[in-house]
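**Student:** If you scroll down you'll find the structure; I have some questions about it.
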Amino acid sequence: MASKKDFVKFDKVDKSYDGKVLVVKDLQLDIAEGEFITMLGPSGSGKTTCLMMLAGFETPTNGEIYLDGKAISSIPPHKRGIGMVFQNYALFPHMTVYENLAFPLRVRKIPKDEADKKIDKALSMVSLQGFAARMPGQLSGGQQQRVAVARSLVFDPQLVLMDEPLGALDKNLRESMQYEIKHIHESIGVTVVYVTHDQSEALTMSNRIAVFNDGKVQQLSSPDELYEKPVNSFVAEFIGENNTFGGEVSDISGGKCKVKLANAEILANPISVKGKGERTTVSLRPERALINPSIKMDNLHKGKIEEVIYHGDHTRVRINLLGNPEFILKVPNSSSNLDIKLGNEINIGWNSDDARALDPK
Amino acid sequence: MSSETKQILTTDGIPLEVSLKKAEKKNKIKAFLLVAPLLFFLIITYVFPIGDMLFRSVDDKMVTQMLPKTFKAMENWDGQELPDEEVFAAFHEDFIKLVEDKREGKLSTQLNYTKNGFKSIIKKLRRASKKFEEGNYKEQIMAVHKRWADVEYWRAIQRRAPEFTGQKYLKGMDMYVNEEGKIVSVEEDRRIHRVLWLRTLEIAFFVTVFCFLMAYPIAHLLATLPMKYSNLLMICVLLPFWTSLLVRTASWMILLQQQGIVNDFFVGIGLVADDNRPEMMYNKTGSYVAMTQILLPFMVLPLYSVMKTISPSLMRAGKSLGGTPFVAFWKVYFPLTIPGIGAGCLLVFILAIGYYITPALVGGASGTLISNQIAFHMKSTLDWSFASAMGLMLLSGVLVIYWLYNKIVGIDNIKLG
């Protein structure tokens, strides 16, 4: 897609509500045209504030936001031309679906026949043809959500903001809506900024994810990179499941480091450690560790099985390993039974590349 | 329905339908007993007084019972010329009985309501009747006073024959039944009630409008301010609400009088000259100001309760979709507050239309309402049936407004809390 790299640009944006605490600190973020970017983070991390600043409902305390090259801090929300989907849909309850969709077109003085065409198109995009005359109260949660999405797109905005739009839906509906929104994004190429605290939602839908914590972007990268290569222990902990060992670096050489734990030593991949004696947290994804590995791995340790939980497609095994009683392994249920019994001692192996030595917790 | 539907039986062999009804009957009786005290209370305090009022307003039995024989004799009278001896004899018989019971005074009062001039001629008749000889009463009565020979006065008596009458209602509308039995309006300079009805409607309407204009922003603030401030504001709204009506009205008297604080302030800022202080009390202005302030909470509270439920994200959605703040307000926020506006306006209007104490104290002559007139007839003239009639007219006016409101806005659209 031929597009601008900095269609939306946050330039050194600070935001404080009370003049004492910064909820957004020195935010530097470029969003490319046509991109689906997700702001992910725990509640209170500043992600929604960023979205509200972009929509125009909050003003930055410092810095400037640019949309398509123009500074927009002084432009009121209704002149920004940004579509928005709200947390609780915010459909106008006294208007029919048709009137809800017609609202942004009417205020733009678009002639009725043209508006009708656009509304038809938007409704068919979310497969809600024939619902135009219904009131929002007569629709299910999922349908209301679709109407909200259609309404945010009906006036052809270049940028659509979504503020936890799927938060109120049940799990199955949420998943199917995720795909639907993703497909809509792919088919019309609109730029989407999506806010959520649900990491699986972020991983499924986004081109890039900005992980927020404490008012700062901790990591901005594609979903796979975020999962495979977290740059700090917050991201490692927040995205997906994670096994950790806290220890001290005892040696660094040749792209590997030795980390001294309480009663053992493991090999790890030095990401944010620079030298000997530094405290570190080693992060390892559960699926990267194997039981009784047949190939050679440079970490191999014995652990005791504490708990076995059946999960349908896989079994989760909790192991007391190297002083960490919360070490989790995922064993696919198709594989041969690997002597997984409560209380057994087994060998666990992993590659030092997958064990990332990050900042200490 | 399939014809093979079998009756479902319970384990005892009783049809399910029967045993269900039995079980529900018990619950129904229980439910009724629970509401019975309230029902009883309502009947005593509401249905009974209104029924009594309705009865009193049309009841005209008094004269009917005082002159039973006269009215019986009058049945054959065509009302064109003076009645014949039979009527006069019957009237004499009735009258003598009244004099014995010392009730002729009441008769004169009652007949005087119908036609002026009865008082003196009945007094004269009483004195003269002591010397009446038997027979030929027509001559003797007509000789007492020339009015007794006037057919108009006998027609007036005949008009009191029915046990029930609507004339109090006509009087409330400044109308009466004239000698020919037609309904006509009284002379223009004596139409006091119509003026009062119109003024009542006018004051109630404008008080409602003022309340709405003032309450809307207050309610909006209440609903949107952070808890800390909105609680304080809520207390400011409720504090006067909890204060005695009389105290509030009296304080307006202190504020609004010619040497009062408001006038002092106007003089102080040079708005009016010291020797030309405007009268803000004992006229319509006084009624407007005091009633608006007193009825304000009745508008604020329903509006607030509705606005509280409107999600702030709706206004945001309106703006983000391209509506200016005004469009977002007018197309999104305002329509959602209509249930509250309806409830508040109906409440304030109905309360205002029957308001009594405040207009009585600060309204003066030009600011009093129909309720003051009702009170006047209850307390001063003791014409209770007229007061009842006007009370019922007021009540039915309110019911008409309620009905209109239901037609236009829909009563289920109302939200009080």
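Naming works like this for the structure tokens: A, B, ... for the chains as they're shown, residue 1 at the start of each chain, ligands 1 onward in shown order.
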Apply DSSP to the backbone of this structure and, from region 64-194 of chain A, keep only the residues in strand (DSSP E or B); write these as an MDAnalysis selection string.

**Tutor:** chainID A and resid 64:67 70:71 82:86 89 159:163 191:194

**Student:** May I have the residues from that selection written out with C-alpha atoms, as a CSV table (one decimal), in the first residue's frame?

**Tutor:**
chain,number,residue,atom,x,y,z
A,64,GLU,CA,1.3,18.1,19.3
A,65,ILE,CA,-0.7,15.5,17.4
A,66,TYR,CA,-0.6,15.6,13.6
A,67,LEU,CA,-3.2,14.1,11.3
A,70,LYS,CA,-1.7,19.0,10.0
A,71,ALA,CA,-1.5,19.8,13.7
A,82,ILE,CA,-12.5,10.9,12.5
A,83,GLY,CA,-14.8,7.9,12.9
A,84,MET,CA,-15.2,6.5,16.3
A,85,VAL,CA,-16.6,3.3,17.8
A,86,PHE,CA,-17.3,3.7,21.6
A,89,TYR,CA,-21.6,1.5,21.2
A,159,LEU,CA,-9.2,7.2,10.3
A,160,VAL,CA,-11.4,5.2,12.6
A,161,LEU,CA,-10.8,4.9,16.4
A,162,MET,CA,-12.2,2.0,18.3
A,163,ASP,CA,-12.3,2.2,22.1
A,191,THR,CA,-6.5,3.4,9.1
A,192,VAL,CA,-7.7,2.0,12.4
A,193,VAL,CA,-6.5,2.8,15.9
A,194,TYR,CA,-7.9,0.2,18.3

**Student:** Env of Ala250 (chain B): 9 Å cut, atoms = only C-alpha atoms, seq-sep filter 3 positions within chain, self excluded. Answer as a JSON list (two decimals) with C-alpha atoms, in the first residue's frame.

**Tutor:**
[["chain", "number", "residue", "atom", "x", "y", "z"],
["B", 245, "LEU", "CA", -43.75, 27.10, 51.88],
["B", 246, "LEU", "CA", -44.94, 29.93, 54.07],
["B", 247, "VAL", "CA", -41.41, 30.87, 55.08],
["B", 253, "MET", "CA", -42.18, 39.42, 50.48],
["B", 254, "ILE", "CA", -39.14, 40.81, 52.27],
["B", 255, "LEU", "CA", -37.09, 40.73, 49.10],
["B", 358, "THR", "CA", -48.18, 32.06, 47.41],
["B", 361, "LEU", "CA", -49.70, 36.40, 49.92],
["B", 362, "VAL", "CA", -47.71, 38.04, 47.11]]

**Student:** Given only C-alpha atoms, how would the per-residue table for chain B near chain A read, listing every residue at most 6 Å away with its closest atom pair and distance in Å to one decimal, sorted by chain and number, as a Markdown table?

**Tutor:**
| residue | atom | partner | partner_atom | distance |
| --- | --- | --- | --- | --- |
| B:Ser313 | CA | A:Ala90 | CA | 5.9 |
| B:Leu314 | CA | A:Ala90 | CA | 5.1 |
| B:Lys319 | CA | A:His78 | CA | 4.8 |
| B:Ser320 | CA | A:His78 | CA | 5.2 |
| B:Leu321 | CA | A:Pro104 | CA | 5.0 |
| B:Gly322 | CA | A:His78 | CA | 4.1 |
| B:Gly323 | CA | A:His78 | CA | 5.6 |
| B:Thr324 | CA | A:His78 | CA | 5.8 |

**Student:** Put those residues in a file: N, CA and C atoms, as an mmCIF file, in the first residue's frame.

**Tutor:**
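result05.cif, freshly written:
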data_model
loop_
_atom_site.group_PDB
_atom_site.id
_atom_site.type_symbol
_atom_site.label_atom_id
_atom_site.label_comp_id
_atom_site.auth_asym_id
_atom_site.auth_seq_id
_atom_site.Cartn_x
_atom_site.Cartn_y
_atom_site.Cartn_z
ATOM 1 N N SER B 313 -21.076 9.420 26.497
ATOM 2 C CA SER B 313 -20.476 9.026 25.217
ATOM 3 C C SER B 313 -21.409 9.316 24.047
ATOM 4 N N LEU B 314 -22.725 9.501 24.324
ATOM 5 C CA LEU B 314 -23.643 9.811 23.219
ATOM 6 C C LEU B 314 -23.335 11.179 22.630
ATOM 7 N N LYS B 319 -20.564 14.368 18.383
ATOM 8 C CA LYS B 319 -19.520 15.292 17.916
ATOM 9 C C LYS B 319 -18.539 14.585 16.999
ATOM 10 N N SER B 320 -18.166 13.358 17.371
ATOM 11 C CA SER B 320 -17.153 12.688 16.550
ATOM 12 C C SER B 320 -17.707 12.361 15.174
ATOM 13 N N LEU B 321 -19.045 12.263 15.058
ATOM 14 C CA LEU B 321 -19.636 11.975 13.750
ATOM 15 C C LEU B 321 -19.792 13.238 12.920
ATOM 16 N N GLY B 322 -19.372 14.365 13.477
ATOM 17 C CA GLY B 322 -19.351 15.578 12.663
ATOM 18 C C GLY B 322 -20.369 16.614 13.071
ATOM 19 N N GLY B 323 -21.155 16.333 14.122
ATOM 20 C CA GLY B 323 -22.127 17.323 14.555
ATOM 21 C C GLY B 323 -21.448 18.399 15.379
ATOM 22 N N THR B 324 -21.821 19.665 15.145
ATOM 23 C CA THR B 324 -21.297 20.718 16.007
ATOM 24 C C THR B 324 -21.861 20.468 17.399
#

**Student:** Enumerate, as JSON, numbers by chain, the complete set of residues in region 132-216 of chain A that a backbone-based DSSP assignment places in alpha helix (DSSP H).

**Tutor:** {"A": [141, 142, 143, 144, 145, 146, 147, 148, 149, 150, 151, 152, 153, 171, 172, 173, 174, 175, 176, 177, 178, 179, 180, 181, 182, 183, 184, 185, 186, 187, 188, 199, 200, 201, 202, 203, 204, 205]}

**Student:** Could you list, as a JSON list (two decimals) with C-alpha atoms, in the first residue's frame, every residue within 9 Å of Asn136 (chain B), counting only C-alpha atoms and ignoring same-chain residues fewer than 6 positions away?

**Tutor:**
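Saved file selection_36.json follows:
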[["chain", "number", "residue", "atom", "x", "y", "z"],
["B", 85, "GLU", "CA", -104.84, 30.04, 43.07],
["B", 88, "PHE", "CA", -100.52, 30.33, 45.68],
["B", 89, "ALA", "CA", -102.40, 28.19, 48.20]]

**Student:** From the list B:Thr11, B:Gln257, B:Asn372, B:Gln80, which residue is nearest Asp150 (chain B) when using only C-alpha atoms?

**Tutor:**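 Ranked by minimum distance to Asp150 (chain B), first place goes to B:Gln80.
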
**Student:** Looking at only C-alpha atoms, which of A:Lys117, A:Phe234, A:Ser140, A:Val147 is the one that sits closest to Asp214 (chain A)?

**Tutor:** A:Phe234

**Student:** Residues within 12 Å of Gly44 (chain A), please, as a ChimeraX atom specification. Count only C-alpha atoms; anything in the same chain fewer than 6 positions from it doesn't count.

**Tutor:** /A:21-24,50,196-197,212-216

**Student:** Taking C-alpha atoms for each residue, export the selection above as a CSV table (one decimal), in the first residue's frame.

**Tutor:**
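Below is the file part_14.csv, written as the result:
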chain,number,residue,atom,x,y,z
A,21,VAL,CA,0.7,13.0,37.6
A,22,LEU,CA,1.4,12.4,33.9
A,23,VAL,CA,-0.9,9.8,32.5
A,24,VAL,CA,0.9,10.0,29.2
A,50,CYS,CA,-4.3,8.8,23.9
A,196,THR,CA,-8.1,-2.9,24.1
A,197,HIS,CA,-6.8,-4.5,27.2
A,212,PHE,CA,1.3,0.8,27.0
A,213,ASN,CA,2.2,0.8,30.6
A,214,ASP,CA,2.6,3.7,33.1
A,215,GLY,CA,1.9,6.3,30.4
A,216,LYS,CA,4.6,5.0,28.1

**Student:** Just the residues within 10 Å of Leu394 (chain B), please, counting only C-alpha atoms, with nothing from its chain fewer than 3 positions along; format it as a PyMOL selection string.

**Tutor:** chain B and resi 197+350+353-354+370-371+374+388-391+397-400

**Student:** Deliver the residues from the most recent selection as a file, using N, CA and C atoms, as a PDB file, in the first residue's frame.

**Tutor:**
ATOM      1  N   TRP B 197     -59.869  32.481  35.432  1.00  0.00           N
ATOM      2  CA  TRP B 197     -59.471  31.223  34.767  1.00  0.00           C
ATOM      3  C   TRP B 197     -58.329  31.494  33.803  1.00  0.00           C
ATOM      4  N   ILE B 350     -49.474  21.439  36.740  1.00  0.00           N
ATOM      5  CA  ILE B 350     -50.617  21.009  37.544  1.00  0.00           C
ATOM      6  C   ILE B 350     -50.547  21.590  38.948  1.00  0.00           C
ATOM      7  N   ILE B 353     -51.368  25.422  38.641  1.00  0.00           N
ATOM      8  CA  ILE B 353     -52.752  25.774  38.304  1.00  0.00           C
ATOM      9  C   ILE B 353     -53.625  25.769  39.558  1.00  0.00           C
ATOM     10  N   GLY B 354     -53.233  25.009  40.580  1.00  0.00           N
ATOM     11  CA  GLY B 354     -54.026  24.982  41.800  1.00  0.00           C
ATOM     12  C   GLY B 354     -53.346  25.681  42.961  1.00  0.00           C
ATOM     13  N   ILE B 370     -57.489  31.213  40.527  1.00  0.00           N
ATOM     14  CA  ILE B 370     -58.833  30.689  40.741  1.00  0.00           C
ATOM     15  C   ILE B 370     -58.949  30.019  42.104  1.00  0.00           C
ATOM     16  N   SER B 371     -57.827  29.448  42.580  1.00  0.00           N
ATOM     17  CA  SER B 371     -57.889  28.767  43.869  1.00  0.00           C
ATOM     18  C   SER B 371     -58.173  29.754  44.990  1.00  0.00           C
ATOM     19  N   ILE B 374     -61.790  30.202  45.045  1.00  0.00           N
ATOM     20  CA  ILE B 374     -62.431  29.045  45.673  1.00  0.00           C
ATOM     21  C   ILE B 374     -62.358  29.197  47.189  1.00  0.00           C
ATOM     22  N   SER B 388     -67.261  24.121  45.481  1.00  0.00           N
ATOM     23  CA  SER B 388     -67.104  22.743  44.996  1.00  0.00           C
ATOM     24  C   SER B 388     -67.147  22.706  43.480  1.00  0.00           C
ATOM     25  N   ALA B 389     -68.089  23.455  42.917  1.00  0.00           N
ATOM     26  CA  ALA B 389     -68.213  23.448  41.465  1.00  0.00           C
ATOM     27  C   ALA B 389     -66.929  23.942  40.819  1.00  0.00           C
ATOM     28  N   MET B 390     -66.366  25.025  41.365  1.00  0.00           N
ATOM     29  CA  MET B 390     -65.137  25.547  40.767  1.00  0.00           C
ATOM     30  C   MET B 390     -63.970  24.597  40.983  1.00  0.00           C
ATOM     31  N   GLY B 391     -63.960  23.961  42.165  1.00  0.00           N
ATOM     32  CA  GLY B 391     -62.923  22.968  42.426  1.00  0.00           C
ATOM     33  C   GLY B 391     -62.973  21.840  41.414  1.00  0.00           C
ATOM     34  N   GLY B 397     -60.236  20.392  34.451  1.00  0.00           N
ATOM     35  CA  GLY B 397     -59.263  21.061  33.578  1.00  0.00           C
ATOM     36  C   GLY B 397     -57.926  20.344  33.615  1.00  0.00           C
ATOM     37  N   VAL B 398     -57.500  19.976  34.821  1.00  0.00           N
ATOM     38  CA  VAL B 398     -56.235  19.258  34.965  1.00  0.00           C
ATOM     39  C   VAL B 398     -56.301  17.916  34.248  1.00  0.00           C
ATOM     40  N   LEU B 399     -57.459  17.239  34.385  1.00  0.00           N
ATOM     41  CA  LEU B 399     -57.600  15.932  33.725  1.00  0.00           C
ATOM     42  C   LEU B 399     -57.544  16.087  32.210  1.00  0.00           C
ATOM     43  N   VAL B 400     -58.124  17.179  31.700  1.00  0.00           N
ATOM     44  CA  VAL B 400     -58.068  17.415  30.256  1.00  0.00           C
ATOM     45  C   VAL B 400     -56.622  17.618  29.809  1.00  0.00           C
TER      46      VAL B 400
END
